[in-house]
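A.B. asks: What follows is coords.pdb, made up of PDB, C-alpha atoms:
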ATOM      1  CA  MET A1328     -11.886  15.448  57.601  1.00  0.00           C
ATOM      2  CA  ALA A1329     -10.932  12.633  55.239  1.00  0.00           C
ATOM      3  CA  ARG A1330     -13.111   9.596  55.578  1.00  0.00           C
ATOM      4  CA  GLY A1331     -12.209   6.073  54.579  1.00  0.00           C
ATOM      5  CA  PRO A1332     -14.062   3.688  52.327  1.00  0.00           C
ATOM      6  CA  THR A1333     -17.366   2.225  53.310  1.00  0.00           C
ATOM      7  CA  THR A1334     -18.014  -1.013  55.129  1.00  0.00           C
ATOM      8  CA  GLY A1335     -20.074  -3.703  53.437  1.00  0.00           C
ATOM      9  CA  ILE A1336     -20.196  -6.675  51.141  1.00  0.00           C
ATOM     10  CA  PHE A1337     -18.632  -6.462  47.725  1.00  0.00           C
ATOM     11  CA  THR A1338     -19.437  -9.354  45.425  1.00  0.00           C
ATOM     12  CA  ARG A1339     -17.276 -10.393  42.454  1.00  0.00           C
ATOM     13  CA  ALA A1340     -13.948  -8.584  42.854  1.00  0.00           C
ATOM     14  CA  GLY A1341     -14.459  -8.474  46.586  1.00  0.00           C
ATOM     15  CA  ARG A1342     -15.163 -10.931  49.329  1.00  0.00           C
ATOM     16  CA  ALA A1343     -18.167 -13.009  48.335  1.00  0.00           C
ATOM     17  CA  SER A1344     -17.916 -14.313  44.781  1.00  0.00           C
ATOM     18  CA  GLN A1345     -15.462 -13.532  42.002  1.00  0.00           C
ATOM     19  CA  GLY A1346     -17.111 -13.432  38.621  1.00  0.00           C
ATOM     20  CA  ARG A1347     -19.356 -15.772  36.681  1.00  0.00           C
ATOM     21  CA  ALA A1348     -16.793 -18.586  36.443  1.00  0.00           C
ATOM     22  CA  ARG A1349     -16.311 -18.797  40.189  1.00  0.00           C
ATOM     23  CA  PHE A1350     -20.027 -18.427  40.801  1.00  0.00           C
ATOM     24  CA  ALA A1351     -20.682 -21.261  38.362  1.00  0.00           C
ATOM     25  CA  SER A1352     -18.392 -23.461  40.441  1.00  0.00           C
ATOM     26  CA  GLU A1353     -20.558 -22.745  43.492  1.00  0.00           C
ATOM     27  CA  VAL A1354     -23.791 -24.016  41.928  1.00  0.00           C
ATOM     28  CA  ASP A1355     -24.845 -27.389  40.583  1.00  0.00           C
ATOM     29  CA  ALA A1356     -25.292 -28.601  36.999  1.00  0.00           C
ATOM     30  CA  TRP A1357     -29.037 -27.845  36.986  1.00  0.00           C
ATOM     31  CA  VAL A1358     -28.409 -24.142  37.642  1.00  0.00           C
ATOM     32  CA  GLN A1359     -25.568 -24.032  35.100  1.00  0.00           C
ATOM     33  CA  GLN A1360     -27.848 -25.290  32.316  1.00  0.00           C
ATOM     34  CA  THR A1361     -29.279 -21.837  31.648  1.00  0.00           C
ATOM     35  CA  LEU A1362     -28.098 -18.283  32.121  1.00  0.00           C
ATOM     36  CA  LYS A1363     -31.552 -17.389  33.444  1.00  0.00           C
ATOM     37  CA  ARG A1364     -31.146 -19.847  36.335  1.00  0.00           C
ATOM     38  CA  MET A1365     -27.607 -18.614  37.048  1.00  0.00           C
ATOM     39  CA  ASN A1366     -28.777 -15.006  37.214  1.00  0.00           C
ATOM     40  CA  ALA A1367     -31.793 -15.825  39.365  1.00  0.00           C
ATOM     41  CA  VAL A1368     -29.703 -17.778  41.873  1.00  0.00           C
ATOM     42  CA  PHE A1369     -27.046 -15.048  41.901  1.00  0.00           C
ATOM     43  CA  ARG A1370     -29.637 -12.354  42.666  1.00  0.00           C
ATOM     44  CA  LEU A1371     -31.396 -14.474  45.298  1.00  0.00           C
ATOM     45  CA  ALA A1372     -28.135 -15.384  47.065  1.00  0.00           C
ATOM     46  CA  THR A1373     -27.088 -11.727  47.047  1.00  0.00           C
ATOM     47  CA  GLN A1374     -30.460 -10.719  48.449  1.00  0.00           C
ATOM     48  CA  LYS A1375     -30.143 -13.303  51.228  1.00  0.00           C
ATOM     49  CA  THR A1376     -26.660 -12.068  52.125  1.00  0.00           C
ATOM     50  CA  ILE A1377     -27.710  -8.413  52.255  1.00  0.00           C
ATOM     51  CA  THR A1378     -30.826  -9.281  54.265  1.00  0.00           C
ATOM     52  CA  GLN A1379     -28.696 -11.170  56.771  1.00  0.00           C
ATOM     53  CA  MET A1380     -26.360  -8.202  57.009  1.00  0.00           C
ATOM     54  CA  GLN A1381     -29.280  -5.860  57.695  1.00  0.00           C
ATOM     55  CA  ARG A1382     -30.737  -8.205  60.338  1.00  0.00           C
ATOM     56  CA  THR A1383     -27.468  -8.255  62.269  1.00  0.00           C
ATOM     57  CA  VAL A1384     -26.512  -4.574  61.992  1.00  0.00           C
ATOM     58  CA  PRO A1385     -25.698  -3.274  65.492  1.00  0.00           C
ATOM     59  CA  TYR A1386     -28.467  -0.648  65.497  1.00  0.00           C
ATOM     60  CA  GLN A1387     -31.742  -1.959  64.080  1.00  0.00           C
ATOM     61  CA  ASP A1388     -33.646   1.327  63.883  1.00  0.00           C
ATOM     62  CA  GLY A1389     -30.902   3.897  63.489  1.00  0.00           C
ATOM     63  CA  PHE A1390     -29.105   5.903  60.898  1.00  0.00           C
ATOM     64  CA  LEU A1391     -26.485   3.195  60.356  1.00  0.00           C
ATOM     65  CA  ARG A1392     -29.075   0.687  59.149  1.00  0.00           C
ATOM     66  CA  ALA A1393     -30.703   3.330  56.959  1.00  0.00           C
ATOM     67  CA  SER A1394     -27.360   4.297  55.382  1.00  0.00           C
ATOM     68  CA  LEU A1395     -27.055   1.037  53.423  1.00  0.00           C
ATOM     69  CA  VAL A1396     -26.676   1.578  49.698  1.00  0.00           C
ATOM     70  CA  VAL A1397     -26.739  -1.159  47.060  1.00  0.00           C
ATOM     71  CA  LEU A1398     -24.951  -0.551  43.761  1.00  0.00           C
ATOM     72  CA  VAL A1399     -24.366  -2.710  40.687  1.00  0.00           C
ATOM     73  CA  ASN A1400     -21.068  -2.333  38.792  1.00  0.00           C
ATOM     74  CA  GLU A1401     -20.212   0.901  40.604  1.00  0.00           C
ATOM     75  CA  ALA A1402     -17.409   1.792  42.991  1.00  0.00           C
ATOM     76  CA  PRO A1403     -18.152   1.723  46.713  1.00  0.00           C
ATOM     77  CA  PRO A1404     -19.330   5.124  47.926  1.00  0.00           C
ATOM     78  CA  VAL A1405     -17.373   7.187  50.435  1.00  0.00           C
ATOM     79  CA  ALA A1406     -18.527   6.888  54.041  1.00  0.00           C
ATOM     80  CA  ASN A1407     -19.495  10.508  54.546  1.00  0.00           C
ATOM     81  CA  ARG A1408     -23.013  10.394  55.932  1.00  0.00           C
ATOM     82  CA  GLU A1409     -23.821  11.890  59.286  1.00  0.00           C
ATOM     83  CA  GLU A1410     -26.973  11.637  61.364  1.00  0.00           C
ATOM     84  CA  LYS A1411     -27.988  15.141  60.328  1.00  0.00           C
ATOM     85  CA  ASP A1412     -28.207  13.962  56.682  1.00  0.00           C
ATOM     86  CA  GLY A1413     -31.706  12.637  57.442  1.00  0.00           C
ATOM     87  CA  MET A1414     -31.698   9.441  55.414  1.00  0.00           C
ATOM     88  CA  GLY A1415     -34.991   7.664  54.994  1.00  0.00           C
ATOM     89  CA  LYS A1416     -35.805   4.235  56.339  1.00  0.00           C
ATOM     90  CA  TYR A1417     -34.159   1.305  54.527  1.00  0.00           C
ATOM     91  CA  THR A1418     -36.530  -1.142  52.839  1.00  0.00           C
ATOM     92  CA  ASP A1419     -36.001  -4.581  51.314  1.00  0.00           C
ATOM     93  CA  ALA A1420     -37.837  -3.316  48.225  1.00  0.00           C
ATOM     94  CA  TYR A1421     -35.017  -0.821  47.612  1.00  0.00           C
ATOM     95  CA  MET A1422     -32.431  -3.615  47.689  1.00  0.00           C
ATOM     96  CA  GLN A1423     -34.510  -5.872  45.430  1.00  0.00           C
ATOM     97  CA  LEU A1424     -34.976  -3.071  42.910  1.00  0.00           C
ATOM     98  CA  GLN A1425     -31.258  -2.288  42.870  1.00  0.00           C
ATOM     99  CA  ILE A1426     -30.236  -5.891  42.110  1.00  0.00           C
ATOM    100  CA  ALA A1427     -33.158  -6.739  39.817  1.00  0.00           C
ATOM    101  CA  GLY A1428     -31.107  -6.353  36.648  1.00  0.00           C
ATOM    102  CA  ALA A1429     -27.866  -7.833  37.958  1.00  0.00           C
ATOM    103  CA  VAL A1430     -26.420 -10.866  36.220  1.00  0.00           C
ATOM    104  CA  ALA A1431     -23.967 -13.490  37.463  1.00  0.00           C
ATOM    105  CA  GLY A1432     -20.536 -11.902  37.288  1.00  0.00           C
ATOM    106  CA  ASP A1433     -21.700  -8.354  38.016  1.00  0.00           C
ATOM    107  CA  ARG A1434     -20.136  -6.525  40.927  1.00  0.00           C
ATOM    108  CA  ILE A1435     -22.723  -5.783  43.589  1.00  0.00           C
ATOM    109  CA  VAL A1436     -21.766  -3.486  46.441  1.00  0.00           C
ATOM    110  CA  ALA A1437     -23.858  -3.326  49.608  1.00  0.00           C
ATOM    111  CA  ALA A1438     -22.226  -0.740  51.839  1.00  0.00           C
ATOM    112  CA  TYR A1439     -22.993   1.407  54.852  1.00  0.00           C
ATOM    113  CA  THR A1440     -22.208   5.076  54.316  1.00  0.00           C
ATOM    114  CA  MET A1441     -22.426   6.345  57.897  1.00  0.00           C
ATOM    115  CA  GLU A1442     -19.080   7.773  58.946  1.00  0.00           C
ATOM    116  CA  TYR A1443     -18.787   5.407  61.936  1.00  0.00           C
ATOM    117  CA  ALA A1444     -19.582   2.160  60.052  1.00  0.00           C
ATOM    118  CA  ARG A1445     -15.928   1.101  59.692  1.00  0.00           C
ATOM    119  CA  ARG A1446     -15.266   1.744  63.371  1.00  0.00           C
ATOM    120  CA  LEU A1447     -18.151  -0.560  64.301  1.00  0.00           C
ATOM    121  CA  GLU A1448     -17.187  -3.247  61.781  1.00  0.00           C
ATOM    122  CA  TYR A1449     -13.445  -3.402  62.463  1.00  0.00           C
ATOM    123  CA  GLY A1450     -13.165  -1.761  65.878  1.00  0.00           C
ATOM    124  CA  PHE A1451     -11.160   1.305  66.809  1.00  0.00           C
ATOM    125  CA  VAL A1452      -8.771   2.059  69.632  1.00  0.00           C
ATOM    126  CA  GLY A1453      -7.396   5.562  69.860  1.00  0.00           C
ATOM    127  CA  VAL A1454      -8.332   9.192  69.539  1.00  0.00           C
ATOM    128  CA  ASP A1455     -10.471  10.417  66.652  1.00  0.00           C
ATOM    129  CA  ALA A1456     -10.117  13.718  64.787  1.00  0.00           C
ATOM    130  CA  LEU A1457     -12.343  15.439  67.363  1.00  0.00           C
ATOM    131  CA  GLY A1458     -10.177  14.340  70.277  1.00  0.00           C
ATOM    132  CA  ARG A1459     -12.560  11.674  71.593  1.00  0.00           C
ATOM    133  CA  HIS A1460     -11.007   8.512  73.060  1.00  0.00           C
ATOM    134  CA  TYR A1461     -12.353   5.148  71.864  1.00  0.00           C
ATOM    135  CA  ASN A1462     -11.864   1.523  72.762  1.00  0.00           C
ATOM    136  CA  GLN A1463     -14.473   0.133  70.357  1.00  0.00           C
ATOM    137  CA  ALA A1464     -14.482  -3.638  69.931  1.00  0.00           C
ATOM    138  CA  PRO A1465     -15.217  -4.861  66.385  1.00  0.00           C
ATOM    139  CA  VAL A1466     -18.745  -6.081  65.661  1.00  0.00           C
ATOM    140  CA  GLY A1467     -18.005  -7.629  62.245  1.00  0.00           C
ATOM    141  CA  TRP A1468     -21.602  -8.001  61.070  1.00  0.00           C
ATOM    142  CA  THR A1469     -20.819  -7.502  57.364  1.00  0.00           C
ATOM    143  CA  ARG A1470     -17.932  -9.972  57.449  1.00  0.00           C
ATOM    144  CA  ALA A1471     -20.171 -12.515  59.184  1.00  0.00           C
ATOM    145  CA  ALA A1472     -22.834 -12.098  56.491  1.00  0.00           C
ATOM    146  CA  SER A1473     -20.319 -12.460  53.649  1.00  0.00           C
ATOM    147  CA  ALA A1474     -18.881 -15.574  55.316  1.00  0.00           C
ATOM    148  CA  ASN A1475     -22.290 -17.197  54.745  1.00  0.00           C
ATOM    149  CA  TRP A1476     -22.180 -16.615  50.970  1.00  0.00           C
ATOM    150  CA  LYS A1477     -21.826 -20.297  50.027  1.00  0.00           C
ATOM    151  CA  ALA A1478     -24.667 -21.298  52.364  1.00  0.00           C
ATOM    152  CA  ASN A1479     -26.826 -18.546  50.857  1.00  0.00           C
ATOM    153  CA  VAL A1480     -26.009 -19.801  47.360  1.00  0.00           C
ATOM    154  CA  ALA A1481     -27.011 -23.340  48.389  1.00  0.00           C
ATOM    155  CA  GLU A1482     -30.305 -22.028  49.821  1.00  0.00           C
ATOM    156  CA  ALA A1483     -30.940 -20.017  46.659  1.00  0.00           C
ATOM    157  CA  VAL A1484     -30.329 -23.117  44.504  1.00  0.00           C
ATOM    158  CA  ALA A1485     -32.775 -25.130  46.620  1.00  0.00           C
ATOM    159  CA  GLU A1486     -35.402 -22.377  46.373  1.00  0.00           C
ATOM    160  CA  ALA A1487     -34.932 -22.063  42.608  1.00  0.00           C
ATOM    161  CA  LYS A1488     -35.383 -25.812  42.186  1.00  0.00           C
ATOM    162  CA  ALA A1489     -38.499 -25.792  44.349  1.00  0.00           C
ATOM    163  CA  ARG A1490     -40.022 -22.980  42.268  1.00  0.00           C
ATOM    164  CA  SER A1491     -39.152 -24.588  38.932  1.00  0.00           C
ATOM    165  CA  PRO A1492     -41.723 -26.721  37.099  1.00  0.00           C
ATOM    166  CA  SER A1493     -38.929 -29.262  36.421  1.00  0.00           C
ATOM    167  CA  LYS A1494     -38.163 -29.388  40.178  1.00  0.00           C
ATOM    168  CA  GLY A1495     -34.437 -29.517  39.546  1.00  0.00           C
ATOM    169  CA  ARG A1496     -34.376 -32.432  37.132  1.00  0.00           C
ATOM    170  CA  LEU A1497     -31.688 -32.288  34.456  1.00  0.00           C
TER     171      LEU A1497
END
How does the structure come out when it is put into structure tokens?
C.D. replies:
Amino acid sequence: MARGPTTGIFTRAGRASQGRARFASEVDAWVQQTLKRMNAVFRLATQKTITQMQRTVPYQDGFLRASLVVLVNEAPPVANREEKDGMGKYTDAYMQLQIAGAVAGDRIVAAYTMEYARRLEYGFVGVDALGRHYNQAPVGWTRAASANWKANVAEAVAEAKARSPSKGRL
């Protein structure tokens, strides 16, 4: 059975932020002063967005939540996981490790690989390949998380300034 693409957040060429130039327009002059600040804010905002997505996933302790993969500068994976695949529990440490080397302008993909992720995200009315009838309303948890990108960037900027010895002074 052919399966469609995954559901998730795709930064840069996707829904959240498009490259370093656009990201630079989302942050203030203090962050733009150094590439180190830009990268730190980019990673922190991405982490906040993915964390929000994981907090609002429809099934908190199930296979869907555990199927999240985070990739940097790679194509989104195919949604071909099934419950029998026995994925381990998702951890924030995994996500942090995956984005640790990312820089502003990189493409970060956070996607769910369970075969039913798209049906939950976008909804599905009809008969599936196995003959089962569905009238599944869309949940839209990944779209809701990506819609908060700018707010997450603003929070990341505020946190970076608070952590900095210069406290955000130019």
A.B. asks: For a test of reading the model, state the distance in Å between atom CA of Ala1393 of chain A and atom CA of Lys1416 of chain A, rounded to one decimal.
C.D. replies: 5.2 Å
A.B. asks: Give the answer as one residue: which of A:Ala1431, A:Ala1478, A:Ala1420, A:Val1384 has the shortest atom-to-atom distance to Val1368 of chain A, using only C-alpha atoms?
C.D. replies: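 Among A:Ala1431, A:Ala1478, A:Ala1420, A:Val1384, it is A:Ala1431 that comes nearest to Val1368 of chain A.
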A.B. asks: Quick one: residues within 7 Å of Ala1372 of chain A, all atoms listed in the file counted, chain neighbours fewer than 2 positions away excluded, as a list in words?
C.D. replies: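 Listed by chain and then number, they are Val1368, Phe1369, Arg1370, Gln1374, Lys1375, Thr1376, Asn1479, Val1480 and Ala1483 of chain A.
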A.B. asks: For this file, the PyMOL selection byres ((chain A and resi 1461-1471) around 7) selects which residues, as a list in words?
C.D. replies: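 Selection result, ordered by chain and number: Gly1335, Ile1336, Met1380, Thr1383, Val1384, Leu1447, Glu1448, Tyr1449, Gly1450, Phe1451, Val1452, Gly1453, Val1454, Arg1459, His1460, Ala1472, Ser1473, Ala1474 and Asn1475 of chain A.
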A.B. asks: What does the distance between atom CA of Asp1433 of chain A and atom CA of Val1399 of chain A come to in Å, to one decimal place?
C.D. replies: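 Answer for the atom CA of Asp1433 of chain A to atom CA of Val1399 of chain A separation: 6.8 Å.
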A.B. asks: For Thr1440 of chain A, work out the shell of residues within 8 Å, counting all atoms listed in the file and skipping chain neighbours fewer than 4 positions away, then give it as a list in words.
C.D. replies: Thr1333, Thr1334, Leu1391, Ser1394, Leu1395, Val1396, Pro1404, Val1405, Ala1406, Asn1407, Arg1408 and Ala1444 of chain A
A.B. asks: Considering only C-alpha atoms, can you say which of A:Gln1425, A:Ala1402, A:Ala1437, A:Val1430 comes closest to Ile1377 of chain A?
C.D. replies: A:Ala1437
A.B. asks: At what distance in Å, to one decimal, does atom CA of Tyr1417 of chain A lie from atom CA of Tyr1439 of chain A?
C.D. replies: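 Between atom CA of Tyr1439 of chain A and atom CA of Tyr1417 of chain A the gap works out to 11.2 Å.
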A.B. asks: Counting all atoms listed in the file, which residue out of A:Met1365, A:Leu1371, A:Val1397, A:Ala1456 sits closest to Ile1435 of chain A?
C.D. replies: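 Of A:Met1365, A:Leu1371, A:Val1397, A:Ala1456, the one nearest Ile1435 of chain A, counting all atoms listed in the file, is A:Val1397.
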A.B. asks: Under the rule that all atoms listed in the file are counted, which of A:Glu1442, A:Thr1378, A:Tyr1421, A:Gly1428 is the nearest residue to Asn1366 of chain A?
C.D. replies: A:Gly1428
A.B. asks: With all atoms listed in the file as the basis for distance, which of A:Arg1446, A:Gly1389, A:Gln1381, A:Glu1401 is at the shortest distance from Thr1418 of chain A?
C.D. replies: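 That would be A:Gln1381, the residue with the smallest distance to Thr1418 of chain A.
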A.B. asks: Which is closest to Gly1432 of chain A among A:Glu1482, A:Phe1350, A:Ala1487, A:Arg1445, if we use only C-alpha atoms?
C.D. replies: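 The shortest atom-to-atom distance to Gly1432 of chain A comes from A:Phe1350.
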A.B. asks: Please identify all polymer residues within 12 Å of Val1358 of chain A, counting all atoms listed in the file, omitting same-chain residues fewer than 2 positions from it, and present them as a PyMOL selection string.
C.D. replies: chain A and resi 1350-1356+1360-1369+1431+1480-1481+1483-1488+1491+1493-1497
